[in-house]
$ cat structure27.txt   # compact mmCIF, C-alpha atoms
# COMPACT_ATOMS: atom_id res chain seq x y z
CA MET A 2 21.52 28.01 -17.16
CA SER A 3 24.51 27.96 -14.86
CA LEU A 4 26.20 24.68 -13.97
CA GLU A 5 24.51 24.76 -10.57
CA ASP A 6 21.08 25.18 -12.17
CA GLN A 7 21.81 22.40 -14.65
CA LEU A 8 22.71 20.02 -11.84
CA LEU A 9 19.60 20.96 -9.84
CA PHE A 10 17.40 20.48 -12.90
CA LEU A 11 19.03 17.13 -13.69
CA PHE A 12 18.62 15.76 -10.18
CA SER A 13 15.03 16.93 -9.77
CA ALA A 14 13.90 15.87 -13.26
CA LEU A 15 15.61 12.48 -13.02
CA GLY A 16 13.68 11.71 -9.84
CA GLY A 17 10.41 12.32 -11.66
CA ILE A 18 11.44 10.43 -14.81
CA ASN A 19 12.72 7.45 -12.82
CA GLY A 20 9.46 7.55 -10.85
CA LEU A 21 7.56 7.16 -14.13
CA PHE A 22 9.64 4.11 -15.07
CA LEU A 23 9.12 2.55 -11.65
CA SER A 24 5.40 3.26 -11.92
CA ALA A 25 5.31 1.33 -15.21
CA TYR A 26 7.23 -1.53 -13.59
CA PHE A 27 4.71 -1.88 -10.74
CA ALA A 28 1.78 -1.56 -13.13
CA PHE A 29 2.87 -3.99 -15.85
CA PHE A 30 5.88 -6.11 -14.94
CA ILE A 31 5.86 -7.04 -11.25
CA LYS A 32 4.51 -10.49 -10.42
CA ASN A 33 1.33 -11.04 -8.39
CA ARG A 34 -0.10 -7.59 -9.14
CA ASP A 35 -3.22 -6.58 -7.24
CA LYS A 36 -5.11 -3.36 -6.48
CA THR A 37 -2.58 -2.36 -3.85
CA THR A 38 0.20 -2.58 -6.45
CA TYR A 39 -1.81 -0.66 -9.03
CA PHE A 40 -2.58 2.11 -6.53
CA LEU A 41 1.13 2.37 -5.74
CA ALA A 42 1.91 2.58 -9.46
CA ALA A 43 -0.72 5.29 -9.89
CA LEU A 44 0.65 7.22 -6.89
CA LEU A 45 4.17 7.10 -8.32
CA PHE A 46 2.87 8.16 -11.71
CA VAL A 47 0.92 11.24 -10.60
CA ILE A 48 3.60 12.52 -8.24
CA SER A 49 6.28 11.94 -10.89
CA VAL A 50 4.25 13.96 -13.40
CA ARG A 51 3.82 16.67 -10.78
CA VAL A 52 7.53 17.02 -9.96
CA THR A 53 8.59 16.72 -13.60
CA LYS A 54 6.28 19.62 -14.38
CA SER A 55 7.82 21.59 -11.52
CA ALA A 56 11.35 20.98 -12.73
CA PHE A 57 10.62 22.08 -16.30
CA LEU A 58 8.49 25.04 -15.23
CA THR A 59 11.30 26.33 -13.00
CA TYR A 60 13.96 26.35 -15.71
CA TYR A 61 11.88 26.51 -18.88
CA ALA A 62 9.24 29.19 -18.32
CA GLY A 63 7.88 28.79 -21.83
CA ILE A 64 6.62 25.27 -21.18
CA SER A 65 3.19 24.45 -22.61
CA SER A 66 0.25 25.50 -20.42
CA ASN A 67 -1.40 22.17 -21.31
CA PHE A 68 1.47 20.32 -19.65
CA ILE A 69 1.06 22.54 -16.58
CA GLN A 70 -2.67 21.71 -16.53
CA ILE A 71 -1.81 18.01 -16.59
CA GLY A 72 0.68 18.52 -13.76
CA LEU A 73 -1.98 20.24 -11.62
CA THR A 74 -4.41 17.40 -12.28
CA ALA A 75 -1.72 14.94 -11.20
CA CYS A 76 -1.18 16.96 -8.03
CA LEU A 77 -4.86 16.69 -7.16
CA LEU A 78 -4.64 12.91 -7.55
CA ILE A 79 -1.65 12.42 -5.21
CA GLY A 80 -3.81 12.48 -2.08
CA PRO A 81 -6.50 10.10 -3.39
CA PHE A 82 -4.01 7.52 -4.63
CA LEU A 83 -2.01 7.70 -1.39
CA TYR A 84 -5.22 7.05 0.55
CA LEU A 85 -6.25 4.21 -1.77
CA HIS A 86 -2.83 2.56 -1.50
CA VAL A 87 -2.72 2.82 2.30
CA ARG A 88 -6.32 1.66 2.64
CA SER A 89 -5.89 -1.34 0.34
CA THR A 90 -2.64 -2.33 2.08
CA LEU A 91 -4.26 -2.33 5.51
CA ASP A 92 -7.72 -3.59 4.63
CA GLU A 93 -7.73 -7.37 4.29
CA LYS A 94 -11.35 -7.46 3.11
CA LYS A 95 -12.26 -7.40 -0.54
CA TYR A 96 -12.96 -4.08 -2.21
CA SER A 97 -15.90 -3.33 -4.41
CA LYS A 98 -14.62 -3.45 -7.94
CA TRP A 99 -15.20 0.20 -8.79
CA GLY A 100 -15.39 1.78 -5.33
CA TRP A 101 -12.03 3.49 -5.74
CA MET A 102 -13.36 5.59 -8.62
CA ILE A 103 -15.27 7.96 -6.32
CA HIS A 104 -11.89 9.35 -5.24
CA VAL A 105 -10.51 9.71 -8.77
CA VAL A 106 -13.27 10.38 -11.30
CA PRO A 107 -14.55 13.64 -9.68
CA VAL A 108 -11.00 15.06 -9.84
CA LEU A 109 -10.62 14.17 -13.51
CA VAL A 110 -14.05 15.50 -14.47
CA GLY A 111 -13.55 18.66 -12.41
CA MET A 112 -10.16 19.37 -13.99
CA ILE A 113 -11.55 18.85 -17.50
CA ILE A 114 -14.27 21.41 -16.78
CA ILE A 115 -11.83 23.84 -15.14
CA GLY A 116 -9.36 23.42 -17.99
CA TYR A 117 -12.09 24.25 -20.50
CA TYR A 118 -13.65 27.27 -18.79
CA PHE A 119 -10.65 28.54 -16.83
CA PRO A 120 -7.50 27.45 -18.71
CA TYR A 121 -4.29 27.93 -16.80
CA LYS A 122 -2.77 30.24 -19.40
CA GLU A 123 -5.46 32.90 -18.90
CA HIS A 124 -6.28 32.23 -15.24
CA ARG A 125 -2.94 31.48 -13.65
CA TYR A 126 -3.81 33.59 -10.58
CA LEU A 127 -6.49 31.06 -9.59
CA TRP A 128 -3.76 28.52 -8.83
CA GLN A 129 -1.60 30.85 -6.77
CA ARG A 130 -1.82 31.01 -2.99
CA ARG A 131 -3.23 34.51 -2.75
CA TYR A 132 -6.57 35.97 -1.64
CA ASP A 133 -8.31 35.11 -4.94
CA GLY A 134 -6.38 31.88 -5.68
CA ILE A 135 -9.28 29.62 -4.87
CA LEU A 136 -8.03 26.65 -6.92
CA GLY A 137 -4.55 26.81 -5.42
CA TRP A 138 -5.90 26.79 -1.86
CA THR A 139 -8.36 24.01 -2.75
CA LEU A 140 -5.52 21.91 -4.12
CA TYR A 141 -3.45 22.13 -0.95
CA PHE A 142 -6.46 21.67 1.34
CA GLN A 143 -7.44 18.49 -0.54
CA TRP A 144 -3.85 17.23 -0.46
CA PHE A 145 -3.52 17.94 3.28
CA ALA A 146 -6.85 16.25 4.05
CA TYR A 147 -5.95 13.02 2.26
CA VAL A 148 -2.44 12.86 3.72
CA ILE A 149 -3.72 13.48 7.26
CA TYR A 150 -6.34 10.75 6.90
CA SER A 151 -3.83 8.34 5.36
CA THR A 152 -1.53 9.00 8.31
CA TYR A 153 -4.41 8.23 10.66
CA LEU A 154 -5.11 4.95 8.87
CA ALA A 155 -1.43 3.97 9.14
CA LYS A 156 -1.14 5.00 12.79
CA ASN A 157 -0.53 1.43 13.97
CA SER A 158 2.32 1.05 11.50
CA PHE A 159 3.84 4.28 12.81
CA LYS A 160 3.57 2.96 16.37
CA LYS A 161 5.28 -0.27 15.45
CA VAL A 162 8.08 1.45 13.55
CA PHE A 163 8.79 4.10 16.18
CA THR A 164 8.07 2.05 19.32
CA LYS A 165 10.78 -0.39 20.29
CA ALA A 166 8.38 -2.45 22.39
CA ILE A 167 6.39 -3.47 19.31
CA GLU A 168 7.90 -5.38 16.41
CA SER A 169 7.33 -3.85 12.98
CA SER A 170 7.01 -5.72 9.71
CA THR A 171 8.37 -4.84 6.30
CA ARG A 172 4.86 -3.74 5.34
CA ASP A 173 4.78 -1.30 8.26
CA VAL A 174 8.09 0.25 7.24
CA TRP A 175 6.99 0.60 3.62
CA LEU A 176 3.77 2.33 4.65
CA VAL A 177 5.59 4.71 6.97
CA ASN A 178 8.17 5.40 4.26
CA ILE A 179 5.49 6.20 1.67
CA VAL A 180 3.34 8.38 3.94
CA LEU A 181 6.32 10.30 5.32
CA GLY A 182 7.67 10.73 1.80
CA ILE A 183 4.43 12.35 0.66
CA TRP A 184 4.44 14.54 3.77
CA ILE A 185 7.95 15.74 2.91
CA VAL A 186 6.98 16.59 -0.67
CA LEU A 187 3.77 18.32 0.47
CA VAL A 188 5.54 20.48 3.05
CA ALA A 189 8.29 21.30 0.53
CA TYR A 190 5.76 22.52 -2.04
CA PHE A 191 3.66 24.39 0.50
CA SER A 192 6.69 26.23 1.88
CA ASN A 193 8.28 27.06 -1.47
CA GLY A 194 7.24 30.68 -1.03
CA TYR A 195 10.01 30.89 1.56
CA THR A 196 12.52 28.71 -0.29
CA SER A 197 12.31 27.86 -3.99
CA TYR A 198 9.74 26.16 -6.22
CA ILE A 199 12.32 23.54 -7.21
CA VAL A 200 12.59 22.34 -3.59
CA GLY A 201 9.39 20.32 -4.02
CA ALA A 202 10.84 18.37 -6.93
CA LEU A 203 14.17 17.94 -5.14
CA SER A 204 12.44 16.60 -2.03
CA PHE A 205 10.68 13.96 -4.11
CA SER A 206 13.95 12.93 -5.75
CA PHE A 207 15.52 12.53 -2.32
CA THR A 208 12.69 10.42 -0.87
CA PHE A 209 12.38 8.49 -4.13
CA TYR A 210 16.00 7.36 -4.09
CA ILE A 211 15.74 6.40 -0.42
CA SER A 212 12.73 4.25 -1.31
CA ILE A 213 14.65 2.71 -4.21
CA LEU A 214 17.41 1.76 -1.78
CA LEU A 215 14.91 -0.03 0.46
CA TRP A 216 13.40 -1.77 -2.56
CA ILE A 217 16.82 -2.98 -3.74
CA PHE A 218 17.41 -4.52 -0.34
CA LYS A 219 14.06 -6.28 -0.60
CA LYS A 220 14.61 -7.49 -4.16
CA GLY A 221 18.03 -8.78 -3.19
CA LYS A 222 16.33 -10.78 -0.45
CA THR A 223 18.38 -8.88 2.08
CA SER A 224 15.88 -7.31 4.40
CA VAL A 225 16.57 -3.88 5.79
CA PHE A 226 15.80 -5.56 9.09
CA PHE A 227 18.54 -8.14 8.74
CA GLU A 228 19.64 -7.51 12.30
CA GLN A 229 16.21 -8.48 13.59
CA GLN A 230 16.14 -11.55 11.39
CA GLU A 231 19.56 -12.65 12.51
CA LYS A 232 18.50 -12.10 16.11
CA TYR A 233 15.59 -14.53 15.75
CA ALA A 234 17.33 -16.98 13.45
CA ASN A 235 19.77 -18.02 16.14
CA LYS A 236 17.31 -17.99 19.02
CA ARG A 237 15.05 -20.90 19.90
CA ILE A 238 11.58 -19.83 20.95
CA ASP A 239 11.19 -20.69 24.64
CA ASP A 240 8.10 -22.37 26.06
CA LEU A 241 6.71 -19.21 27.65
CA GLU A 242 6.90 -17.22 24.42
CA SER A 243 5.60 -20.19 22.43
CA ASP A 244 2.58 -20.53 24.72
CA SER A 245 1.87 -16.82 24.34
CA ILE A 246 1.93 -17.06 20.52
CA THR A 247 -0.27 -20.16 20.65
CA LEU A 248 -2.94 -18.40 22.72
CA LYS A 249 -2.91 -15.33 20.49
CA LEU A 250 -3.11 -17.45 17.33
CA GLU A 251 -6.04 -19.42 18.69
CA GLU A 252 -7.89 -16.19 19.43
CA LEU A 253 -7.15 -14.77 15.98
CA PHE A 254 -8.27 -17.91 14.17
CA ASN A 255 -11.10 -19.13 16.41
CA LYS A 256 -12.60 -15.79 17.45
CA ASP A 257 -11.62 -13.41 14.64
CA GLU A 258 -11.60 -16.18 11.99
CA LEU A 259 -8.70 -14.75 10.01
CA TYR A 260 -8.60 -17.90 7.89
CA ARG A 261 -11.76 -16.73 6.08
CA ASN A 262 -9.68 -14.15 4.24
CA PRO A 263 -8.64 -15.85 0.95
CA ASP A 264 -5.71 -13.44 0.59
CA LEU A 265 -4.37 -14.02 4.11
CA LYS A 266 -0.58 -13.87 4.27
CA LEU A 267 2.03 -14.67 6.85
CA SER A 268 2.82 -10.97 7.21
CA HIS A 269 -0.84 -10.19 8.01
CA VAL A 270 -0.91 -12.66 10.88
CA ALA A 271 2.49 -11.53 12.13
CA ASP A 272 1.27 -7.93 12.18
CA ALA A 273 -1.78 -8.95 14.21
CA LEU A 274 0.50 -10.76 16.67
CA GLY A 275 2.96 -7.85 16.88
CA ILE A 276 5.95 -9.94 15.76
CA VAL A 277 8.07 -10.06 12.61
CA PRO A 278 7.04 -12.57 9.91
CA ASN A 279 10.20 -14.69 10.12
CA TYR A 280 9.63 -15.16 13.88
CA LEU A 281 6.11 -16.47 13.20
CA SER A 282 7.49 -18.71 10.48
CA GLN A 283 10.06 -20.06 12.92
CA TYR A 284 7.31 -20.78 15.45
CA LEU A 285 5.19 -22.64 12.89
CA ASN A 286 8.08 -24.67 11.52
CA ASP A 287 9.93 -25.45 14.76
CA ASN A 288 7.10 -25.69 17.26
CA LEU A 289 4.15 -26.90 15.20
CA ARG A 290 6.10 -28.58 12.40
CA LYS A 291 3.77 -27.01 9.87
CA SER A 292 3.99 -24.55 7.02
CA PHE A 293 1.86 -21.44 7.13
CA SER A 294 -0.46 -22.69 4.36
CA THR A 295 -0.94 -26.03 6.15
CA PHE A 296 -1.75 -24.26 9.41
CA VAL A 297 -4.34 -21.99 7.80
CA ASN A 298 -5.89 -24.75 5.68
CA GLU A 299 -6.48 -26.88 8.77
CA TYR A 300 -8.77 -24.17 10.13
CA ARG A 301 -10.44 -23.78 6.77
CA VAL A 302 -11.07 -27.50 6.43
CA GLN A 303 -12.45 -27.68 9.96
CA ALA A 304 -14.83 -24.81 9.22
CA ALA A 305 -15.86 -26.44 5.93
CA GLU A 306 -16.54 -29.75 7.73
CA GLU A 307 -18.82 -28.00 10.22
CA MET A 308 -20.67 -26.20 7.43
CA LEU A 309 -21.13 -29.44 5.48
CA LYS A 310 -22.67 -31.06 8.55
CA ALA A 311 -24.96 -28.14 9.33
CA ASN A 312 -25.89 -26.70 5.93
CA ASN A 313 -27.62 -28.40 3.01
CA LEU A 314 -28.39 -25.22 1.08
CA LEU A 315 -24.97 -23.94 0.07
CA THR A 316 -23.06 -25.49 -2.81
CA LEU A 317 -19.63 -27.00 -2.21
CA GLU A 318 -18.06 -24.10 -4.06
CA ALA A 319 -19.89 -21.58 -1.85
CA ILE A 320 -18.76 -23.40 1.29
CA GLY A 321 -15.17 -23.41 0.09
CA ASN A 322 -15.30 -19.69 -0.65
CA GLU A 323 -16.94 -18.95 2.69
CA CYS A 324 -14.13 -20.77 4.50
CA GLY A 325 -11.36 -18.86 2.71
CA PHE A 326 -10.38 -21.12 -0.19
CA LYS A 327 -9.65 -19.22 -3.39
CA SER A 328 -10.71 -22.01 -5.74
CA ASN A 329 -12.46 -25.37 -5.84
CA SER A 330 -9.20 -27.16 -6.61
CA THR A 331 -7.41 -25.88 -3.50
CA PHE A 332 -10.52 -26.62 -1.42
CA TYR A 333 -10.76 -30.21 -2.67
CA THR A 334 -7.03 -30.84 -2.35
CA ALA A 335 -6.78 -29.50 1.20
CA PHE A 336 -9.96 -31.26 2.34
CA LYS A 337 -8.92 -34.64 0.93
CA LYS A 338 -5.42 -34.31 2.38
CA SER A 339 -6.91 -33.70 5.82
CA LYS A 340 -9.94 -36.00 5.79
CA GLY A 341 -9.03 -38.60 3.20
CA LEU A 342 -12.21 -37.76 1.28
CA THR A 343 -13.23 -35.04 -1.13
CA PRO A 344 -15.88 -32.60 0.14
CA GLY A 345 -18.46 -34.29 -2.10
CA GLU A 346 -17.58 -37.76 -0.79
CA PHE A 347 -17.67 -36.50 2.77
CA LYS A 348 -21.11 -34.96 2.23
CA LYS A 349 -22.43 -38.30 0.97
CA THR A 350 -21.32 -40.01 4.19
CA LEU A 351 -23.58 -37.65 6.12
CA GLY A 352 -26.60 -39.21 4.52
$ encode --input "structure27.txt" --output "structure tokens"
Amino acid sequence: MSLEDQLLFLFSALGGINGLFLSAYFAFFIKNRDKTTYFLAALLFVISVRVTKSAFLTYYAGISSNFIQIGLTACLLIGPFLYLHVRSTLDEKKYSKWGWMIHVVPVLVGMIIIGYYFPYKEHRYLWQRRYDGILGWTLYFQWFAYVIYSTYLAKNSFKKVFTKAIESSTRDVWLVNIVLGIWIVLVAYFSNGYTSYIVGALSFSFTFYISILLWIFKKGKTSVFFEQQEKYANKRIDDLESDSITLKLEELFNKDELYRNPDLKLSHVADALGIVPNYLSQYLNDNLRKSFSTFVNEYRVQAAEEMLKANNLLTLEAIGNECGFKSNSTFYTAFKKSKGLTPGEFKKTLG
């Protein structure tokens, strides 16, 4: 290889290899892991395998056909894991434990069958974008379909990021960054007939390192939106704006009952209000003199009190869960702090 080819191979392959390491970090080492985190780790893993395969296939034509088969399987999983990550990030309701498998298992089973009856080494033409390349066209159609639907799901995040009139949160920017990144890689691979096959891997490396830069800012507790934060940090919320937030919060918590979500976070409420999280935090601390957890627990305790008065069938644990408490201990602690009695003691006073 020439020096230019060596540099291109190094840059493209490093993006994929670093993506594998970051995937392992999200899957095994990050704190407070949940399904959203695991889906992100899986997305990074499959796309990293895909681009690593592309880099080696471009410069090492004799690469094992088994590795190529694995890379194609990974490519078919990019769309499903992007969708699952976007969906789980936006959906505040609990998922069925194994519901995500309907997007993954058919791909794995299908590729095992295809690999057995139509191995890549003998049927390479099936994966090419030509008149008889049915598997190649299927791959890109599936990828396009999932990316388009994921974009549709994240449409509100796109509006917030690209519309100055609406404040965007860090979550919105991450979603837009991820979806656009996959779009870039998809278009790069689909158009490689007019450019070069290595462009797909290079595009991932580029978007990957941009994402790493954003992540470093976040880990360093220096938000990429530091200008917005500084803007609100030195500005007292006036009465008109405060009244507007109060009315919106009352609607979200009284009508929509957001407090019933046990995984409710400050960023979720801020997104629903159309403001940045630190602005909501400032409102709660300065105007209400309450922390976010205290504010939410007050609604939960009030709902629990009403259920205790009206319902003799549900257990205390069931009532706590229904009102958004994750555990009995947090339910009892919050209830006693507010009412001076434990839920059980309060129930006894009702006769």
$ residues_around --input "structure27.txt" --residues "range 178-180 of chain A" --least-positions-apart "4" --cutoff "7 Å" --atoms "all atoms listed in the file" --output "PyMOL selection string"
chain A and resi 152+174+184
$ atom_distance --input "structure27.txt" --atom1 "CA of Lys36 in chain A" --atom2 "CA of His86 in chain A"
8.1 Å
$ residues_around --input "structure27.txt" --residues "Leu136 in chain A" --least-positions-apart "4" --cutoff "12 Å" --atoms "all atoms listed in the file" --output "PDB file with C-alpha atoms, keeping the file's coordinate frame"
ATOM      1  CA  LEU A  73      -1.980  20.240 -11.620  1.00  0.00           C
ATOM      2  CA  THR A  74      -4.410  17.400 -12.280  1.00  0.00           C
ATOM      3  CA  CYS A  76      -1.180  16.960  -8.030  1.00  0.00           C
ATOM      4  CA  LEU A  77      -4.860  16.690  -7.160  1.00  0.00           C
ATOM      5  CA  GLY A 111     -13.550  18.660 -12.410  1.00  0.00           C
ATOM      6  CA  MET A 112     -10.160  19.370 -13.990  1.00  0.00           C
ATOM      7  CA  ILE A 115     -11.830  23.840 -15.140  1.00  0.00           C
ATOM      8  CA  GLY A 116      -9.360  23.420 -17.990  1.00  0.00           C
ATOM      9  CA  PHE A 119     -10.650  28.540 -16.830  1.00  0.00           C
ATOM     10  CA  PRO A 120      -7.500  27.450 -18.710  1.00  0.00           C
ATOM     11  CA  TYR A 121      -4.290  27.930 -16.800  1.00  0.00           C
ATOM     12  CA  HIS A 124      -6.280  32.230 -15.240  1.00  0.00           C
ATOM     13  CA  ARG A 125      -2.940  31.480 -13.650  1.00  0.00           C
ATOM     14  CA  TYR A 126      -3.810  33.590 -10.580  1.00  0.00           C
ATOM     15  CA  LEU A 127      -6.490  31.060  -9.590  1.00  0.00           C
ATOM     16  CA  TRP A 128      -3.760  28.520  -8.830  1.00  0.00           C
ATOM     17  CA  GLN A 129      -1.600  30.850  -6.770  1.00  0.00           C
ATOM     18  CA  ARG A 130      -1.820  31.010  -2.990  1.00  0.00           C
ATOM     19  CA  ARG A 131      -3.230  34.510  -2.750  1.00  0.00           C
ATOM     20  CA  TYR A 132      -6.570  35.970  -1.640  1.00  0.00           C
ATOM     21  CA  LEU A 140      -5.520  21.910  -4.120  1.00  0.00           C
ATOM     22  CA  TYR A 141      -3.450  22.130  -0.950  1.00  0.00           C
ATOM     23  CA  PHE A 142      -6.460  21.670   1.340  1.00  0.00           C
ATOM     24  CA  GLN A 143      -7.440  18.490  -0.540  1.00  0.00           C
TER      25      GLN A 143
END
$ residues_around --input "structure27.txt" --residues "range 80-83 of chain A" --least-positions-apart "6" --cutoff "12 Å" --atoms "only C-alpha atoms" --output "PyMOL selection string"
chain A and resi 36-48+74+89-90+101-109+140-152+154-155+176-184+186-187
$ write_last_selection --input "structure27.txt" --atoms "C-alpha atoms" --output "tab-separated table (two decimals), keeping the file's coordinate frame"
chain	number	residue	atom	x	y	z
A	36	LYS	CA	-5.11	-3.36	-6.48
A	37	THR	CA	-2.58	-2.36	-3.85
A	38	THR	CA	0.20	-2.58	-6.45
A	39	TYR	CA	-1.81	-0.66	-9.03
A	40	PHE	CA	-2.58	2.11	-6.53
A	41	LEU	CA	1.13	2.37	-5.74
A	42	ALA	CA	1.91	2.58	-9.46
A	43	ALA	CA	-0.72	5.29	-9.89
A	44	LEU	CA	0.65	7.22	-6.89
A	45	LEU	CA	4.17	7.10	-8.32
A	46	PHE	CA	2.87	8.16	-11.71
A	47	VAL	CA	0.92	11.24	-10.60
A	48	ILE	CA	3.60	12.52	-8.24
A	74	THR	CA	-4.41	17.40	-12.28
A	89	SER	CA	-5.89	-1.34	0.34
A	90	THR	CA	-2.64	-2.33	2.08
A	101	TRP	CA	-12.03	3.49	-5.74
A	102	MET	CA	-13.36	5.59	-8.62
A	103	ILE	CA	-15.27	7.96	-6.32
A	104	HIS	CA	-11.89	9.35	-5.24
A	105	VAL	CA	-10.51	9.71	-8.77
A	106	VAL	CA	-13.27	10.38	-11.30
A	107	PRO	CA	-14.55	13.64	-9.68
A	108	VAL	CA	-11.00	15.06	-9.84
A	109	LEU	CA	-10.62	14.17	-13.51
A	140	LEU	CA	-5.52	21.91	-4.12
A	141	TYR	CA	-3.45	22.13	-0.95
A	142	PHE	CA	-6.46	21.67	1.34
A	143	GLN	CA	-7.44	18.49	-0.54
A	144	TRP	CA	-3.85	17.23	-0.46
A	145	PHE	CA	-3.52	17.94	3.28
A	146	ALA	CA	-6.85	16.25	4.05
A	147	TYR	CA	-5.95	13.02	2.26
A	148	VAL	CA	-2.44	12.86	3.72
A	149	ILE	CA	-3.72	13.48	7.26
A	150	TYR	CA	-6.34	10.75	6.90
A	151	SER	CA	-3.83	8.34	5.36
A	152	THR	CA	-1.53	9.00	8.31
A	154	LEU	CA	-5.11	4.95	8.87
A	155	ALA	CA	-1.43	3.97	9.14
A	176	LEU	CA	3.77	2.33	4.65
A	177	VAL	CA	5.59	4.71	6.97
A	178	ASN	CA	8.17	5.40	4.26
A	179	ILE	CA	5.49	6.20	1.67
A	180	VAL	CA	3.34	8.38	3.94
A	181	LEU	CA	6.32	10.30	5.32
A	182	GLY	CA	7.67	10.73	1.80
A	183	ILE	CA	4.43	12.35	0.66
A	184	TRP	CA	4.44	14.54	3.77
A	186	VAL	CA	6.98	16.59	-0.67
A	187	LEU	CA	3.77	18.32	0.47
$ residues_near_point --input "structure27.txt" --point "(-20.0, -31.3, 6.9)" --cutoff "10 Å" --atoms "only C-alpha atoms" --output "number ranges by chain"
A: 302-313, 320, 344-345, 347-351
$ write_last_selection --input "structure27.txt" --atoms "C-alpha atoms" --output "PDB file, in the coordinates of the input"
ATOM      1  CA  VAL A 302     -11.070 -27.500   6.430  1.00  0.00           C
ATOM      2  CA  GLN A 303     -12.450 -27.680   9.960  1.00  0.00           C
ATOM      3  CA  ALA A 304     -14.830 -24.810   9.220  1.00  0.00           C
ATOM      4  CA  ALA A 305     -15.860 -26.440   5.930  1.00  0.00           C
ATOM      5  CA  GLU A 306     -16.540 -29.750   7.730  1.00  0.00           C
ATOM      6  CA  GLU A 307     -18.820 -28.000  10.220  1.00  0.00           C
ATOM      7  CA  MET A 308     -20.670 -26.200   7.430  1.00  0.00           C
ATOM      8  CA  LEU A 309     -21.130 -29.440   5.480  1.00  0.00           C
ATOM      9  CA  LYS A 310     -22.670 -31.060   8.550  1.00  0.00           C
ATOM     10  CA  ALA A 311     -24.960 -28.140   9.330  1.00  0.00           C
ATOM     11  CA  ASN A 312     -25.890 -26.700   5.930  1.00  0.00           C
ATOM     12  CA  ASN A 313     -27.620 -28.400   3.010  1.00  0.00           C
ATOM     13  CA  ILE A 320     -18.760 -23.400   1.290  1.00  0.00           C
ATOM     14  CA  PRO A 344     -15.880 -32.600   0.140  1.00  0.00           C
ATOM     15  CA  GLY A 345     -18.460 -34.290  -2.100  1.00  0.00           C
ATOM     16  CA  PHE A 347     -17.670 -36.500   2.770  1.00  0.00           C
ATOM     17  CA  LYS A 348     -21.110 -34.960   2.230  1.00  0.00           C
ATOM     18  CA  LYS A 349     -22.430 -38.300   0.970  1.00  0.00           C
ATOM     19  CA  THR A 350     -21.320 -40.010   4.190  1.00  0.00           C
ATOM     20  CA  LEU A 351     -23.580 -37.650   6.120  1.00  0.00           C
TER      21      LEU A 351
END
$ closest_residue --input "structure27.txt" --among "A:Asn322, A:Thr334, A:Ser158, A:Ser192" --to "Gly275 in chain A" --atoms "only C-alpha atoms"
A:Ser158
$ closest_residue --input "structure27.txt" --among "A:Glu258, A:Glu123, A:Glu323, A:Asp272" --to "Val297 in chain A" --atoms "all atoms listed in the file"
A:Glu258
$ atom_distance --input "structure27.txt" --atom1 "CA of Phe163 in chain A" --atom2 "CA of Leu274 in chain A"
17.0 Å
$ closest_residue --input "structure27.txt" --among "A:Thr171, A:Arg88, A:Leu317, A:Tyr300" --to "Asn279 in chain A" --atoms "only C-alpha atoms"
A:Thr171
$ atom_distance --input "structure27.txt" --atom1 "CA of Tyr117 in chain A" --atom2 "CA of Thr53 in chain A"
23.1 Å
$ closest_residue --input "structure27.txt" --among "A:Trp175, A:Trp99, A:Phe68, A:Tyr333" --to "Lys161 in chain A" --atoms "only C-alpha atoms"
A:Trp175
$ residues_around --input "structure27.txt" --residues "range 287-296 of chain A" --least-positions-apart "3" --cutoff "9 Å" --atoms "all atoms listed in the file" --output "tab-separated table (two decimals) with C-alpha atoms, in the frame of the given file"
chain	number	residue	atom	x	y	z
A	237	ARG	CA	15.05	-20.90	19.90
A	238	ILE	CA	11.58	-19.83	20.95
A	243	SER	CA	5.60	-20.19	22.43
A	266	LYS	CA	-0.58	-13.87	4.27
A	267	LEU	CA	2.03	-14.67	6.85
A	281	LEU	CA	6.11	-16.47	13.20
A	282	SER	CA	7.49	-18.71	10.48
A	283	GLN	CA	10.06	-20.06	12.92
A	284	TYR	CA	7.31	-20.78	15.45
A	299	GLU	CA	-6.48	-26.88	8.77
A	300	TYR	CA	-8.77	-24.17	10.13
A	335	ALA	CA	-6.78	-29.50	1.20
